[in-house]
$ cat query_5.cif   # mmCIF, C-alpha atoms
data_model
loop_
_atom_site.label_atom_id
_atom_site.label_comp_id
_atom_site.auth_asym_id
_atom_site.auth_seq_id
_atom_site.Cartn_x
_atom_site.Cartn_y
_atom_site.Cartn_z
CA MET A 8 163.36 155.48 147.43
CA ASN A 9 164.36 157.80 144.66
CA LEU A 10 161.40 158.17 142.37
CA HIS A 11 163.54 159.84 139.76
CA SER A 12 166.14 157.08 139.58
CA LYS A 13 164.25 155.05 137.00
CA GLU A 14 162.07 156.07 134.13
CA VAL A 15 158.89 154.12 133.62
CA ALA A 16 157.78 153.66 129.96
CA ILE A 17 154.00 153.76 129.52
CA LYS A 18 152.72 152.05 126.36
CA ARG A 19 149.66 153.68 124.88
CA PRO A 20 147.32 151.64 122.69
CA LYS A 21 147.79 152.16 118.99
CA PRO A 22 144.88 154.09 117.52
CA PRO A 23 142.87 152.01 115.09
CA ASN A 24 143.36 152.54 111.38
CA LEU A 25 139.92 153.56 110.29
CA ASP A 26 140.77 152.86 106.66
CA GLU A 27 141.42 149.19 107.43
CA THR A 28 138.59 148.54 109.89
CA ASP A 29 135.65 146.57 108.45
CA PHE A 30 132.70 148.17 110.22
CA ILE A 31 130.17 146.83 107.69
CA SER A 32 130.85 143.17 108.43
CA LYS A 33 130.35 143.79 112.14
CA LEU A 34 126.73 144.83 111.58
CA HIS A 35 123.90 142.46 112.41
CA ASP A 36 122.52 140.35 109.55
CA SER A 37 119.12 142.05 109.70
CA LEU A 38 120.72 145.47 109.16
CA LEU A 39 122.93 144.18 106.34
CA LEU A 40 119.91 142.68 104.63
CA GLN A 41 118.10 146.00 104.88
CA ILE A 42 121.08 147.73 103.22
CA LEU A 43 121.33 145.10 100.47
CA SER A 44 117.61 145.36 99.75
CA LEU A 45 118.12 149.01 98.79
CA LEU A 46 120.73 148.11 96.14
CA PRO A 47 120.03 147.06 92.56
CA GLN A 48 119.83 143.28 92.28
CA SER A 49 123.08 143.02 90.31
CA ASP A 50 125.03 145.03 92.92
CA ALA A 51 123.61 143.03 95.82
CA THR A 52 124.60 139.79 94.11
CA ARG A 53 128.21 140.92 93.70
CA THR A 54 128.65 141.00 97.48
CA ARG A 55 128.68 137.18 97.47
CA ILE A 56 132.42 137.19 96.69
CA LEU A 57 133.37 139.16 99.83
CA SER A 58 133.43 136.24 102.31
CA ASN A 59 131.62 133.08 103.35
CA ARG A 60 129.24 135.17 105.45
CA TRP A 61 128.32 137.40 102.51
CA LYS A 62 128.04 134.41 100.17
CA ASN A 63 124.77 133.23 101.69
CA LEU A 64 123.46 136.57 102.89
CA CYS A 65 121.67 137.37 99.61
CA SER A 66 119.65 134.19 100.00
CA PHE A 67 117.69 135.89 102.79
CA LEU A 68 116.77 139.05 100.88
CA PRO A 69 113.02 139.71 100.63
CA ASN A 70 113.30 139.89 96.82
CA LEU A 71 114.92 137.04 94.89
CA HIS A 72 115.87 137.43 91.23
CA PHE A 73 117.10 134.50 89.09
CA VAL A 74 118.00 134.95 85.42
CA MET A 75 119.02 131.81 83.58
CA PRO A 76 121.85 132.32 81.07
CA PHE A 77 121.95 130.50 77.77
CA CYS A 78 122.81 126.88 78.57
CA SER A 79 124.27 124.65 75.86
CA ASN A 80 124.39 121.43 77.91
CA ILE A 81 122.59 119.69 80.72
CA GLU A 82 125.36 120.43 83.24
CA GLN A 83 124.83 124.18 82.85
CA VAL A 84 121.08 123.75 83.17
CA ASN A 85 121.44 121.74 86.38
CA LYS A 86 123.90 124.27 87.78
CA PHE A 87 121.32 127.04 87.44
CA HIS A 88 118.51 125.00 89.00
CA ASP A 89 120.83 123.90 91.81
CA SER A 90 121.54 127.53 92.69
CA VAL A 91 117.79 128.27 92.88
CA ASP A 92 117.12 125.20 95.04
CA GLN A 93 120.05 125.93 97.36
CA THR A 94 118.87 129.49 97.93
CA LEU A 95 115.35 128.37 98.79
CA ALA A 96 116.68 125.62 101.06
CA LEU A 97 118.81 128.11 103.00
CA ARG A 98 115.77 130.31 103.69
CA GLY A 99 114.02 127.53 105.51
CA GLY A 100 110.55 128.96 104.88
CA ILE A 101 111.34 132.63 105.53
CA PRO A 102 108.67 134.64 103.63
CA ILE A 103 109.48 135.96 100.14
CA ARG A 104 108.13 139.34 99.09
CA MET A 105 109.01 139.08 95.38
CA PHE A 106 110.31 136.15 93.33
CA HIS A 107 111.58 136.64 89.74
CA LEU A 108 112.41 133.58 87.63
CA TYR A 109 113.53 134.18 84.02
CA CYS A 110 114.35 130.96 82.19
CA SER A 111 116.06 130.47 78.84
CA LYS A 112 115.84 127.58 76.41
CA ASN A 113 116.53 124.03 77.59
CA CYS A 114 115.42 124.73 81.16
CA ASN A 115 114.10 121.81 83.17
CA TYR A 116 110.37 122.43 83.64
CA ASN A 117 110.00 119.71 86.26
CA ARG A 118 112.60 121.41 88.44
CA VAL A 119 110.85 124.73 87.87
CA HIS A 120 107.68 123.17 89.25
CA ASP A 121 109.55 121.96 92.33
CA SER A 122 111.04 125.42 92.86
CA LEU A 123 107.60 127.02 92.68
CA CYS A 124 106.35 124.60 95.30
CA ASN A 125 109.08 125.84 97.65
CA VAL A 126 108.31 129.46 96.78
CA VAL A 127 104.65 128.98 97.69
CA ASN A 128 105.72 127.47 101.01
CA CYS A 129 107.67 130.69 101.63
CA LYS A 130 104.39 132.65 101.37
CA VAL A 131 105.45 134.59 98.28
CA GLN A 132 103.58 137.86 97.69
CA GLU A 133 104.67 138.74 94.13
CA LEU A 134 105.65 136.26 91.44
CA ASP A 135 107.19 137.06 88.04
CA ILE A 136 107.90 134.12 85.70
CA ARG A 137 109.28 134.31 82.17
CA PHE A 138 109.95 131.53 79.68
CA PRO A 139 111.34 131.69 76.13
CA ASN A 140 109.11 131.46 73.09
CA ASP A 141 110.23 128.05 71.92
CA ARG A 142 108.51 124.77 71.11
CA PHE A 143 108.49 123.76 74.78
CA ARG A 144 105.59 125.02 76.85
CA PHE A 145 105.29 125.10 80.59
CA ARG A 146 101.79 124.24 81.65
CA PHE A 147 101.08 126.37 84.66
CA CYS A 148 100.62 124.58 87.98
CA TRP A 149 97.23 125.92 89.05
CA ASP A 150 96.76 123.61 92.03
CA LEU A 151 99.79 125.13 93.75
CA PHE A 152 98.04 128.45 94.27
CA ARG A 153 94.41 127.56 94.99
CA THR A 154 95.14 127.61 98.70
CA CYS A 155 97.88 130.26 98.59
CA GLY A 156 96.71 133.14 100.77
CA SER A 157 99.80 135.31 100.28
CA LEU A 158 100.13 135.86 96.49
CA VAL A 159 98.79 139.30 95.51
CA ARG A 160 100.67 140.02 92.24
CA LEU A 161 101.40 137.65 89.36
CA THR A 162 103.25 138.24 86.06
CA LEU A 163 103.46 135.56 83.37
CA ARG A 164 105.62 136.21 80.31
CA GLY A 165 106.67 134.27 77.25
CA GLY A 166 106.06 130.67 76.34
CA PHE A 167 103.17 129.83 78.59
CA VAL A 168 100.26 127.80 77.31
CA LEU A 169 97.22 128.64 79.40
CA ASN A 170 94.75 125.80 79.64
CA VAL A 171 92.82 127.06 82.64
CA PRO A 172 90.48 124.73 84.52
CA ASP A 173 86.91 125.81 85.15
CA VAL A 174 86.97 126.19 88.94
CA ASP A 175 85.50 128.80 91.23
CA VAL A 176 88.79 130.07 92.71
CA LEU A 177 92.33 129.89 91.30
CA PHE A 178 94.01 132.74 93.19
CA PRO A 179 92.04 133.65 96.31
CA CYS A 180 94.03 136.79 97.18
CA LEU A 181 95.43 137.90 93.81
CA LYS A 182 94.93 141.63 93.17
CA SER A 183 97.11 142.19 90.10
CA ILE A 184 97.94 140.00 87.10
CA SER A 185 100.00 140.72 83.96
CA LEU A 186 99.86 138.39 80.96
CA VAL A 187 102.52 139.10 78.32
CA SER A 188 102.63 137.15 75.02
CA ILE A 189 100.78 134.20 76.50
CA VAL A 190 99.43 131.39 74.30
CA TYR A 191 95.79 130.47 74.95
CA LEU A 192 94.23 127.16 73.97
CA ARG A 193 90.68 128.54 73.88
CA ASP A 194 88.71 131.70 74.66
CA VAL A 195 87.32 130.12 77.81
CA CYS A 196 90.85 129.76 79.24
CA PHE A 197 91.25 133.51 79.59
CA LYS A 198 87.70 133.89 80.89
CA ASN A 199 88.26 131.18 83.52
CA LEU A 200 91.50 132.81 84.65
CA ILE A 201 89.89 136.19 85.31
CA SER A 202 86.81 134.72 86.97
CA GLY A 203 89.09 132.61 89.19
CA CYS A 204 90.49 135.78 90.81
CA PRO A 205 87.63 137.00 93.04
CA VAL A 206 89.45 140.10 94.37
CA LEU A 207 91.33 141.10 91.18
CA GLU A 208 91.86 144.87 90.87
CA GLU A 209 94.50 145.29 88.11
CA LEU A 210 94.83 143.46 84.79
CA TYR A 211 97.41 143.94 82.03
CA VAL A 212 97.13 141.91 78.82
CA GLU A 213 99.75 142.15 76.08
CA ARG A 214 99.24 140.12 72.92
CA GLN A 215 102.21 139.93 70.55
CA LEU A 216 101.78 136.81 68.46
CA ILE A 217 103.28 137.75 65.12
CA GLY A 218 102.65 134.95 62.65
CA GLU A 219 101.72 132.54 65.45
CA LEU A 220 98.35 130.95 66.02
CA ASP A 221 96.57 130.25 69.27
CA GLY A 222 92.99 129.47 70.23
CA MET A 223 91.94 132.90 71.42
CA GLU A 224 89.51 134.84 69.22
CA SER A 225 87.89 137.01 71.88
CA CYS A 226 89.10 138.54 75.12
CA MET A 227 86.37 138.34 77.78
CA VAL A 228 87.23 140.64 80.68
CA ILE A 229 84.51 139.89 83.21
CA SER A 230 85.31 140.92 86.77
CA PRO A 231 83.11 142.64 89.36
CA SER A 232 86.18 143.81 91.36
CA LEU A 233 88.47 145.06 88.54
CA LYS A 234 89.59 148.72 88.84
CA LYS A 235 92.47 149.06 86.37
CA LEU A 236 92.63 147.51 82.88
CA ARG A 237 95.45 147.87 80.33
CA LEU A 238 95.31 146.18 76.91
CA SER A 239 98.05 146.08 74.27
CA PHE A 240 97.44 144.15 71.05
CA ALA A 241 99.77 143.54 68.10
CA LEU A 242 98.66 140.40 66.33
CA SER A 243 99.48 139.43 62.76
CA GLY A 244 98.92 136.30 60.77
CA SER A 245 96.06 134.93 62.87
CA GLY A 246 93.87 134.60 59.80
CA ARG A 247 90.65 134.77 61.81
CA GLY A 248 89.44 138.26 61.00
CA ASN A 249 88.60 140.78 63.69
CA PHE A 250 89.61 140.21 67.28
CA ARG A 251 86.89 140.88 69.85
CA VAL A 252 87.14 142.43 73.32
CA VAL A 253 84.21 142.31 75.74
CA ILE A 254 84.51 144.23 79.03
CA ASP A 255 82.17 143.80 81.95
CA ALA A 256 83.79 145.56 84.90
CA PRO A 257 81.32 147.85 86.70
CA ARG A 258 83.97 149.14 89.16
CA LEU A 259 86.55 150.03 86.53
CA GLU A 260 88.42 153.29 87.25
CA TYR A 261 91.26 153.23 84.69
CA LEU A 262 91.29 151.98 81.08
CA SER A 263 94.19 152.00 78.61
CA VAL A 264 94.00 150.46 75.12
CA LEU A 265 96.91 150.33 72.68
CA ASP A 266 95.79 148.43 69.58
CA VAL A 267 97.28 148.19 66.08
CA MET A 268 94.91 145.52 64.79
CA PRO A 269 91.22 145.56 63.79
CA THR A 270 89.40 144.89 67.04
CA SER A 271 85.77 145.28 68.03
CA TYR A 272 85.12 146.54 71.57
CA SER A 273 82.00 146.36 73.66
CA LEU A 274 81.20 147.33 77.25
CA LEU A 275 78.44 145.20 78.73
CA THR A 276 78.16 147.44 81.78
CA GLU A 277 79.04 151.13 81.66
CA PRO A 278 81.61 151.72 84.43
CA LEU A 279 80.26 154.78 86.23
CA SER A 280 83.40 154.97 88.38
CA LEU A 281 85.74 155.30 85.37
CA THR A 282 87.88 158.44 85.77
CA GLU A 283 90.80 157.94 83.36
CA ALA A 284 90.93 156.45 79.85
CA HIS A 285 93.59 156.32 77.11
CA LEU A 286 92.63 155.02 73.65
CA LYS A 287 95.27 154.63 70.93
CA VAL A 288 93.77 152.31 68.35
CA GLN A 289 93.85 151.56 64.65
CA THR A 290 90.27 150.91 63.62
CA GLY A 291 90.83 148.82 60.49
CA GLY A 292 87.19 149.26 59.43
CA GLY A 293 85.74 148.85 62.92
CA ASP A 294 84.82 152.52 63.30
CA PHE A 295 81.45 151.92 64.91
CA HIS A 296 82.76 149.74 67.75
CA VAL A 297 85.54 152.20 68.59
CA ALA A 298 83.16 155.16 68.49
CA GLN A 299 80.69 153.30 70.66
CA LEU A 300 83.45 152.66 73.19
CA VAL A 301 84.19 156.41 73.35
CA THR A 302 80.54 157.14 74.15
CA CYS A 303 80.89 155.01 77.30
CA LEU A 304 83.70 157.20 78.64
CA SER A 305 81.69 160.37 79.29
CA ASN A 306 82.37 160.39 83.05
CA VAL A 307 86.17 160.41 82.84
CA LYS A 308 88.36 163.23 84.16
CA VAL A 309 91.43 162.32 82.07
CA LEU A 310 91.15 161.24 78.42
CA THR A 311 93.52 160.42 75.54
CA LEU A 312 92.26 159.88 71.98
CA ASN A 313 94.64 159.35 69.07
CA ASP A 314 93.92 160.43 65.51
CA SER A 315 92.46 157.05 64.43
CA THR A 316 90.04 157.05 67.34
CA LEU A 317 88.80 160.52 66.46
CA THR A 318 88.50 159.60 62.78
CA ALA A 319 86.39 156.57 63.70
CA PHE A 320 84.00 158.82 65.60
CA ILE A 321 83.77 161.29 62.74
CA ASN A 322 83.08 158.49 60.23
CA VAL A 323 80.11 157.18 62.20
CA HIS A 324 77.46 159.71 61.18
CA ASN A 325 74.57 158.34 63.24
CA LEU A 326 76.43 158.55 66.56
CA ASP A 327 76.86 161.86 68.37
CA MET A 328 79.88 162.53 70.55
CA PRO A 329 78.74 162.70 74.18
CA VAL A 330 79.35 165.59 76.56
CA PHE A 331 82.27 165.07 78.96
CA PRO A 332 81.22 167.23 81.93
CA ASN A 333 83.98 166.01 84.29
CA LEU A 334 86.89 166.09 81.85
CA VAL A 335 89.82 168.28 82.98
CA GLU A 336 92.78 166.77 81.05
CA PHE A 337 92.49 165.93 77.37
CA ALA A 338 95.23 164.61 75.06
CA ILE A 339 94.38 164.55 71.37
CA GLY A 340 95.98 163.27 68.19
CA LEU A 341 94.83 165.30 65.19
CA ASP A 342 93.85 163.72 61.89
CA VAL A 343 95.16 165.53 58.84
CA PHE A 344 91.87 165.61 56.97
CA CYS A 345 89.13 166.66 59.39
CA SER A 346 90.33 167.11 62.98
CA TRP A 347 91.01 170.85 62.71
CA SER A 348 87.49 171.53 61.50
CA MET A 349 86.13 169.39 64.35
CA LEU A 350 88.12 171.08 67.12
CA PRO A 351 85.32 173.53 68.06
CA THR A 352 82.93 170.58 68.38
CA PHE A 353 85.36 168.74 70.65
CA PHE A 354 85.84 171.83 72.80
CA ASN A 355 82.10 172.38 73.14
CA LYS A 356 81.64 168.80 74.30
CA MET A 357 84.25 169.31 77.04
CA PRO A 358 83.16 172.45 78.91
CA ASN A 359 85.51 172.06 81.90
CA VAL A 360 88.80 171.06 80.28
CA GLU A 361 91.77 172.82 81.93
CA HIS A 362 94.70 171.12 80.21
CA ILE A 363 94.89 170.03 76.57
CA THR A 364 97.84 168.28 74.91
CA PHE A 365 98.26 167.93 71.16
CA LEU A 366 100.17 164.66 71.01
CA LYS A 367 101.78 165.12 67.59
CA GLY A 368 101.38 168.83 67.21
CA PHE A 369 98.83 170.06 64.71
CA LEU A 370 100.24 168.30 61.63
CA PRO A 371 100.59 164.52 61.94
CA PHE A 372 103.09 164.01 59.10
CA PRO A 373 106.55 165.46 58.26
CA HIS A 374 106.06 168.99 56.99
CA ALA A 375 108.82 168.81 54.39
CA GLN A 376 107.17 165.89 52.56
CA HIS A 377 103.54 167.01 52.68
CA ILE A 378 101.75 170.31 52.32
CA TYR A 379 98.32 170.50 53.88
CA THR A 380 95.58 173.06 54.21
CA MET A 381 94.07 172.29 57.58
CA ARG A 382 90.88 174.24 56.93
CA TRP A 383 90.88 176.11 60.23
CA ASN A 384 87.79 178.31 60.39
CA PRO A 385 87.44 180.04 63.77
CA PRO A 386 83.97 179.47 65.25
CA VAL A 387 81.63 182.40 65.65
CA GLU A 388 81.30 181.72 69.37
CA VAL A 389 84.44 180.92 71.36
CA PRO A 390 84.13 177.55 73.19
CA THR A 391 83.34 177.89 76.90
CA CYS A 392 86.28 175.80 78.07
CA LEU A 393 88.74 177.99 76.15
CA ARG A 394 87.35 181.25 77.55
CA PHE A 395 86.80 180.28 81.17
CA LYS A 396 88.61 177.03 82.06
CA MET A 397 91.74 176.46 80.00
CA LYS A 398 94.92 176.80 82.10
CA LYS A 399 97.52 174.78 80.23
CA ILE A 400 98.14 174.00 76.54
CA THR A 401 100.92 171.65 75.42
CA ILE A 402 101.91 171.21 71.76
CA LYS A 403 104.26 168.28 71.09
CA ASN A 404 105.49 168.98 67.58
CA ARG A 405 107.82 166.57 65.84
CA GLU A 406 109.16 169.38 63.68
CA THR A 407 109.14 173.15 63.54
CA VAL A 408 105.97 175.24 63.75
CA THR A 409 104.45 176.07 60.37
CA PRO A 410 102.56 179.25 59.36
CA GLU A 411 99.38 177.16 59.18
CA GLU A 412 99.79 176.15 62.81
CA LEU A 413 100.48 179.71 63.92
CA LYS A 414 96.87 180.63 63.10
CA LEU A 415 95.52 178.15 65.62
CA ILE A 416 98.12 179.08 68.25
CA SER A 417 97.20 182.73 67.88
CA TYR A 418 93.50 181.95 68.24
CA MET A 419 93.96 179.95 71.45
CA LEU A 420 96.26 182.55 73.03
CA LYS A 421 93.81 185.31 72.24
CA HIS A 422 90.73 183.65 73.70
CA ALA A 423 92.12 181.61 76.62
CA ASN A 424 91.46 184.22 79.30
CA HIS A 425 92.75 182.09 82.19
CA LEU A 426 95.68 180.40 80.45
CA GLU A 427 98.73 180.01 82.69
CA ILE A 428 101.23 178.38 80.32
CA LEU A 429 101.61 177.44 76.65
CA THR A 430 104.37 174.88 76.06
CA ILE A 431 105.61 174.22 72.52
CA ASN A 432 107.79 171.15 72.14
CA ALA A 433 109.48 171.19 68.74
CA HIS A 434 112.76 169.84 67.40
CA LYS A 435 113.68 173.22 66.01
CA ILE A 436 112.08 176.65 66.03
CA ASP A 437 113.67 179.44 64.06
CA PRO A 438 114.08 182.82 65.81
CA LYS A 439 111.54 184.46 63.51
CA THR A 440 108.78 181.98 64.39
CA ARG A 441 109.63 182.21 68.06
CA GLY A 442 109.38 185.97 67.91
CA GLN A 443 106.00 185.78 66.16
CA VAL A 444 104.54 183.54 68.87
CA LEU A 445 105.88 185.72 71.68
CA LYS A 446 104.24 188.78 70.10
CA PHE A 447 100.79 187.20 69.79
CA TYR A 448 98.08 188.86 71.86
CA ARG A 449 97.33 186.97 75.07
CA GLY A 450 93.91 187.04 76.65
CA SER A 451 95.50 186.06 79.96
CA LYS A 452 97.91 188.62 81.41
CA SER A 453 99.66 185.92 83.47
CA CYS A 454 100.23 183.51 80.56
CA ARG A 455 103.79 182.21 80.04
CA ILE A 456 105.10 180.74 76.78
CA GLU A 457 107.83 178.08 76.91
CA PHE A 458 109.78 176.51 74.04
CA VAL A 459 111.31 173.14 74.93
#
$ encode --input "query_5.cif" --output "structure tokens"
Amino acid sequence: MNLHSKEVAIKRPKPPNLDETDFISKLHDSLLLQILSLLPQSDATRTRILSNRWKNLCSFLPNLHFVMPFCSNIEQVNKFHDSVDQTLALRGGIPIRMFHLYCSKNCNYNRVHDSLCNVVNCKVQELDIRFPNDRFRFRFCWDLFRTCGSLVRLTLRGGFVLNVPDVDVLFPCLKSISLVSIVYLRDVCFKNLISGCPVLEELYVERQLIGELDGMESCMVISPSLKKLRLSFALSGSGRGNFRVVIDAPRLEYLSVLDVMPTSYSLLTEPLSLTEAHLKVQTGGGDFHVAQLVTCLSNVKVLTLNDSTLTAFINVHNLDMPVFPNLVEFAIGLDVFCSWSMLPTFFNKMPNVEHITFLKGFLPFPHAQHIYTMRWNPPVEVPTCLRFKMKKITIKNRETVTPEELKLISYMLKHANHLEILTINAHKIDPKTRGQVLKFYRGSKSCRIEFV
């Protein structure tokens, strides 16, 4: 047989076109879900249009986010609620880590209740619900959660009316709750809510009821387990006089108060574990209560006081500012009339401060419109913290540095023997002023000066 009489054609397989091969769709669902969970919610949702497989894949993500668009008719409302119900039905009880539900006007509150029942059955860990501020109010379904052992974080926003029952336990495992623009029927409603969370550690309360009335005249924060408390108040038109805040949280570690209304504050138990506090309040005649609150913060390591808070303390003549022996970071807002003259007193009360920030520079108002003499008289004895402890000074000016401010900058540079950096944040600094600051004598040979 002649082996060379006939040629044999060998067909080789065509190499795959890597540009056309869909490797992603070949991955297991669990891996695809892990990838989708790393995407922003809007990007993950867009993958629904890829194929039938991708259409339902987002239903099994650990975090579910539903935002109801404006609906002008009942058909659009039902379409939104149907999509929520279908997603929860597809999961079949698979646990939910985080569930966001943002509803617009005309939503069906009965269907919302049914959806929340399904969410609880999926052992939800974090729940964020928002309703519009309209004449309809969703009365929260407390009984759903009394036996829920999975929910640890709850956020309620918008048109909620809280009429809280007086029961021992509402949320047995809840550690964090945020209440934003909620409407309260009575003071006791808020008190019952907090006392019904036996292991609560974080609480955020934001009150923004402009021109709207509710039944809350005092905010009673009573919790033996609370560690972090943030309050933000902006009420107008309540017509009831001063708002009252009472705090009894012996384990409190962090306190933040942002208040633009006249509020009286009282601490029933001084939190010895408190390490960080930020007070930005407008006293509105309640100087004594604000000053008294400051006296309860002497153990903190980090402290912020705005100009109104400092003014309140200065106006109360029969109350001495306490010593802050543990304080290492201090942010201060200076009052135009007396804060400069009080700076040595503040420094002497804070012997271990290492970092000070002037929140609005040294002059609180626009320099071009107002001319002030800040009455800076250097003390005879340099404060201990400035000589031995100060490592960082930050000045957040809204405008350029004035000649009046240069005097204080020069004083601090001269006497801060361990200063590592002085940062001046100003909108504009002319070359002459910059040159003056750079030429100032520095008590610390390693001190850097930065203009940002």
$ atom_distance --input "query_5.cif" --atom1 "CA of Val190 (chain A)" --atom2 "CA of Phe138 (chain A)"
11.8 Å
$ closest_residue --input "query_5.cif" --among "A:Leu207, A:Cys65, A:Ile363, A:Leu415" --to "Ile428 (chain A)" --atoms "all atoms listed in the file"
A:Ile363
$ atom_distance --input "query_5.cif" --atom1 "CA of Thr162 (chain A)" --atom2 "CA of Thr311 (chain A)"
26.4 Å
$ atom_distance --input "query_5.cif" --atom1 "CA of Lys356 (chain A)" --atom2 "CA of Phe337 (chain A)"
11.6 Å
$ residues_around --input "query_5.cif" --residues "Thr276 (chain A)" --least-positions-apart "5" --cutoff "12 Å" --atoms "only C-alpha atoms" --output "PDB file with C-alpha atoms, in the frame of the given file"
ATOM      1  CA  VAL A 228      87.230 140.640  80.680  1.00  0.00           C
ATOM      2  CA  ILE A 229      84.510 139.890  83.210  1.00  0.00           C
ATOM      3  CA  SER A 230      85.310 140.920  86.770  1.00  0.00           C
ATOM      4  CA  PRO A 231      83.110 142.640  89.360  1.00  0.00           C
ATOM      5  CA  VAL A 253      84.210 142.310  75.740  1.00  0.00           C
ATOM      6  CA  ILE A 254      84.510 144.230  79.030  1.00  0.00           C
ATOM      7  CA  ASP A 255      82.170 143.800  81.950  1.00  0.00           C
ATOM      8  CA  ALA A 256      83.790 145.560  84.900  1.00  0.00           C
ATOM      9  CA  PRO A 257      81.320 147.850  86.700  1.00  0.00           C
ATOM     10  CA  ARG A 258      83.970 149.140  89.160  1.00  0.00           C
ATOM     11  CA  LEU A 259      86.550 150.030  86.530  1.00  0.00           C
ATOM     12  CA  LEU A 281      85.740 155.300  85.370  1.00  0.00           C
ATOM     13  CA  LEU A 300      83.450 152.660  73.190  1.00  0.00           C
ATOM     14  CA  CYS A 303      80.890 155.010  77.300  1.00  0.00           C
ATOM     15  CA  LEU A 304      83.700 157.200  78.640  1.00  0.00           C
TER      16      LEU A 304
END
$ residues_around --input "query_5.cif" --residues "Met75 (chain A)" --least-positions-apart "2" --cutoff "7 Å" --atoms "all atoms listed in the file" --output "PyMOL selection string"
chain A and resi 73+77+87+109-111
$ resolve_selection --input "query_5.cif" --expression "the PyMOL selection byres ((chain A and resi 197) around 12)" --output "ChimeraX atom specification"
/A:168-173,184,186,189-196,198-204,210,212,222-230,252-253
$ resolve_selection --input "query_5.cif" --expression "the PyMOL selection byres ((chain A and resi 129) around 12)" --output "ChimeraX atom specification"
/A:67,69-71,94-106,122-128,130-134,155-158
$ write_last_selection --input "query_5.cif" --atoms "C-alpha atoms" --output "mmCIF file, in the frame of the given file"
data_model
loop_
_atom_site.group_PDB
_atom_site.id
_atom_site.type_symbol
_atom_site.label_atom_id
_atom_site.label_comp_id
_atom_site.auth_asym_id
_atom_site.auth_seq_id
_atom_site.Cartn_x
_atom_site.Cartn_y
_atom_site.Cartn_z
ATOM 1 C CA PHE A 67 117.690 135.890 102.790
ATOM 2 C CA PRO A 69 113.020 139.710 100.630
ATOM 3 C CA ASN A 70 113.300 139.890 96.820
ATOM 4 C CA LEU A 71 114.920 137.040 94.890
ATOM 5 C CA THR A 94 118.870 129.490 97.930
ATOM 6 C CA LEU A 95 115.350 128.370 98.790
ATOM 7 C CA ALA A 96 116.680 125.620 101.060
ATOM 8 C CA LEU A 97 118.810 128.110 103.000
ATOM 9 C CA ARG A 98 115.770 130.310 103.690
ATOM 10 C CA GLY A 99 114.020 127.530 105.510
ATOM 11 C CA GLY A 100 110.550 128.960 104.880
ATOM 12 C CA ILE A 101 111.340 132.630 105.530
ATOM 13 C CA PRO A 102 108.670 134.640 103.630
ATOM 14 C CA ILE A 103 109.480 135.960 100.140
ATOM 15 C CA ARG A 104 108.130 139.340 99.090
ATOM 16 C CA MET A 105 109.010 139.080 95.380
ATOM 17 C CA PHE A 106 110.310 136.150 93.330
ATOM 18 C CA SER A 122 111.040 125.420 92.860
ATOM 19 C CA LEU A 123 107.600 127.020 92.680
ATOM 20 C CA CYS A 124 106.350 124.600 95.300
ATOM 21 C CA ASN A 125 109.080 125.840 97.650
ATOM 22 C CA VAL A 126 108.310 129.460 96.780
ATOM 23 C CA VAL A 127 104.650 128.980 97.690
ATOM 24 C CA ASN A 128 105.720 127.470 101.010
ATOM 25 C CA LYS A 130 104.390 132.650 101.370
ATOM 26 C CA VAL A 131 105.450 134.590 98.280
ATOM 27 C CA GLN A 132 103.580 137.860 97.690
ATOM 28 C CA GLU A 133 104.670 138.740 94.130
ATOM 29 C CA LEU A 134 105.650 136.260 91.440
ATOM 30 C CA CYS A 155 97.880 130.260 98.590
ATOM 31 C CA GLY A 156 96.710 133.140 100.770
ATOM 32 C CA SER A 157 99.800 135.310 100.280
ATOM 33 C CA LEU A 158 100.130 135.860 96.490
#
$ resolve_selection --input "query_5.cif" --expression "the PyMOL selection byres ((chain A and resi 429) around 9)" --output "list of chain:residue names"
A:Lys398, A:Lys399, A:Ile400, A:Thr401, A:Ile402, A:Leu420, A:Leu426, A:Glu427, A:Ile428, A:Thr430, A:Ile431, A:Cys454, A:Arg455, A:Ile456, A:Glu457, A:Phe458
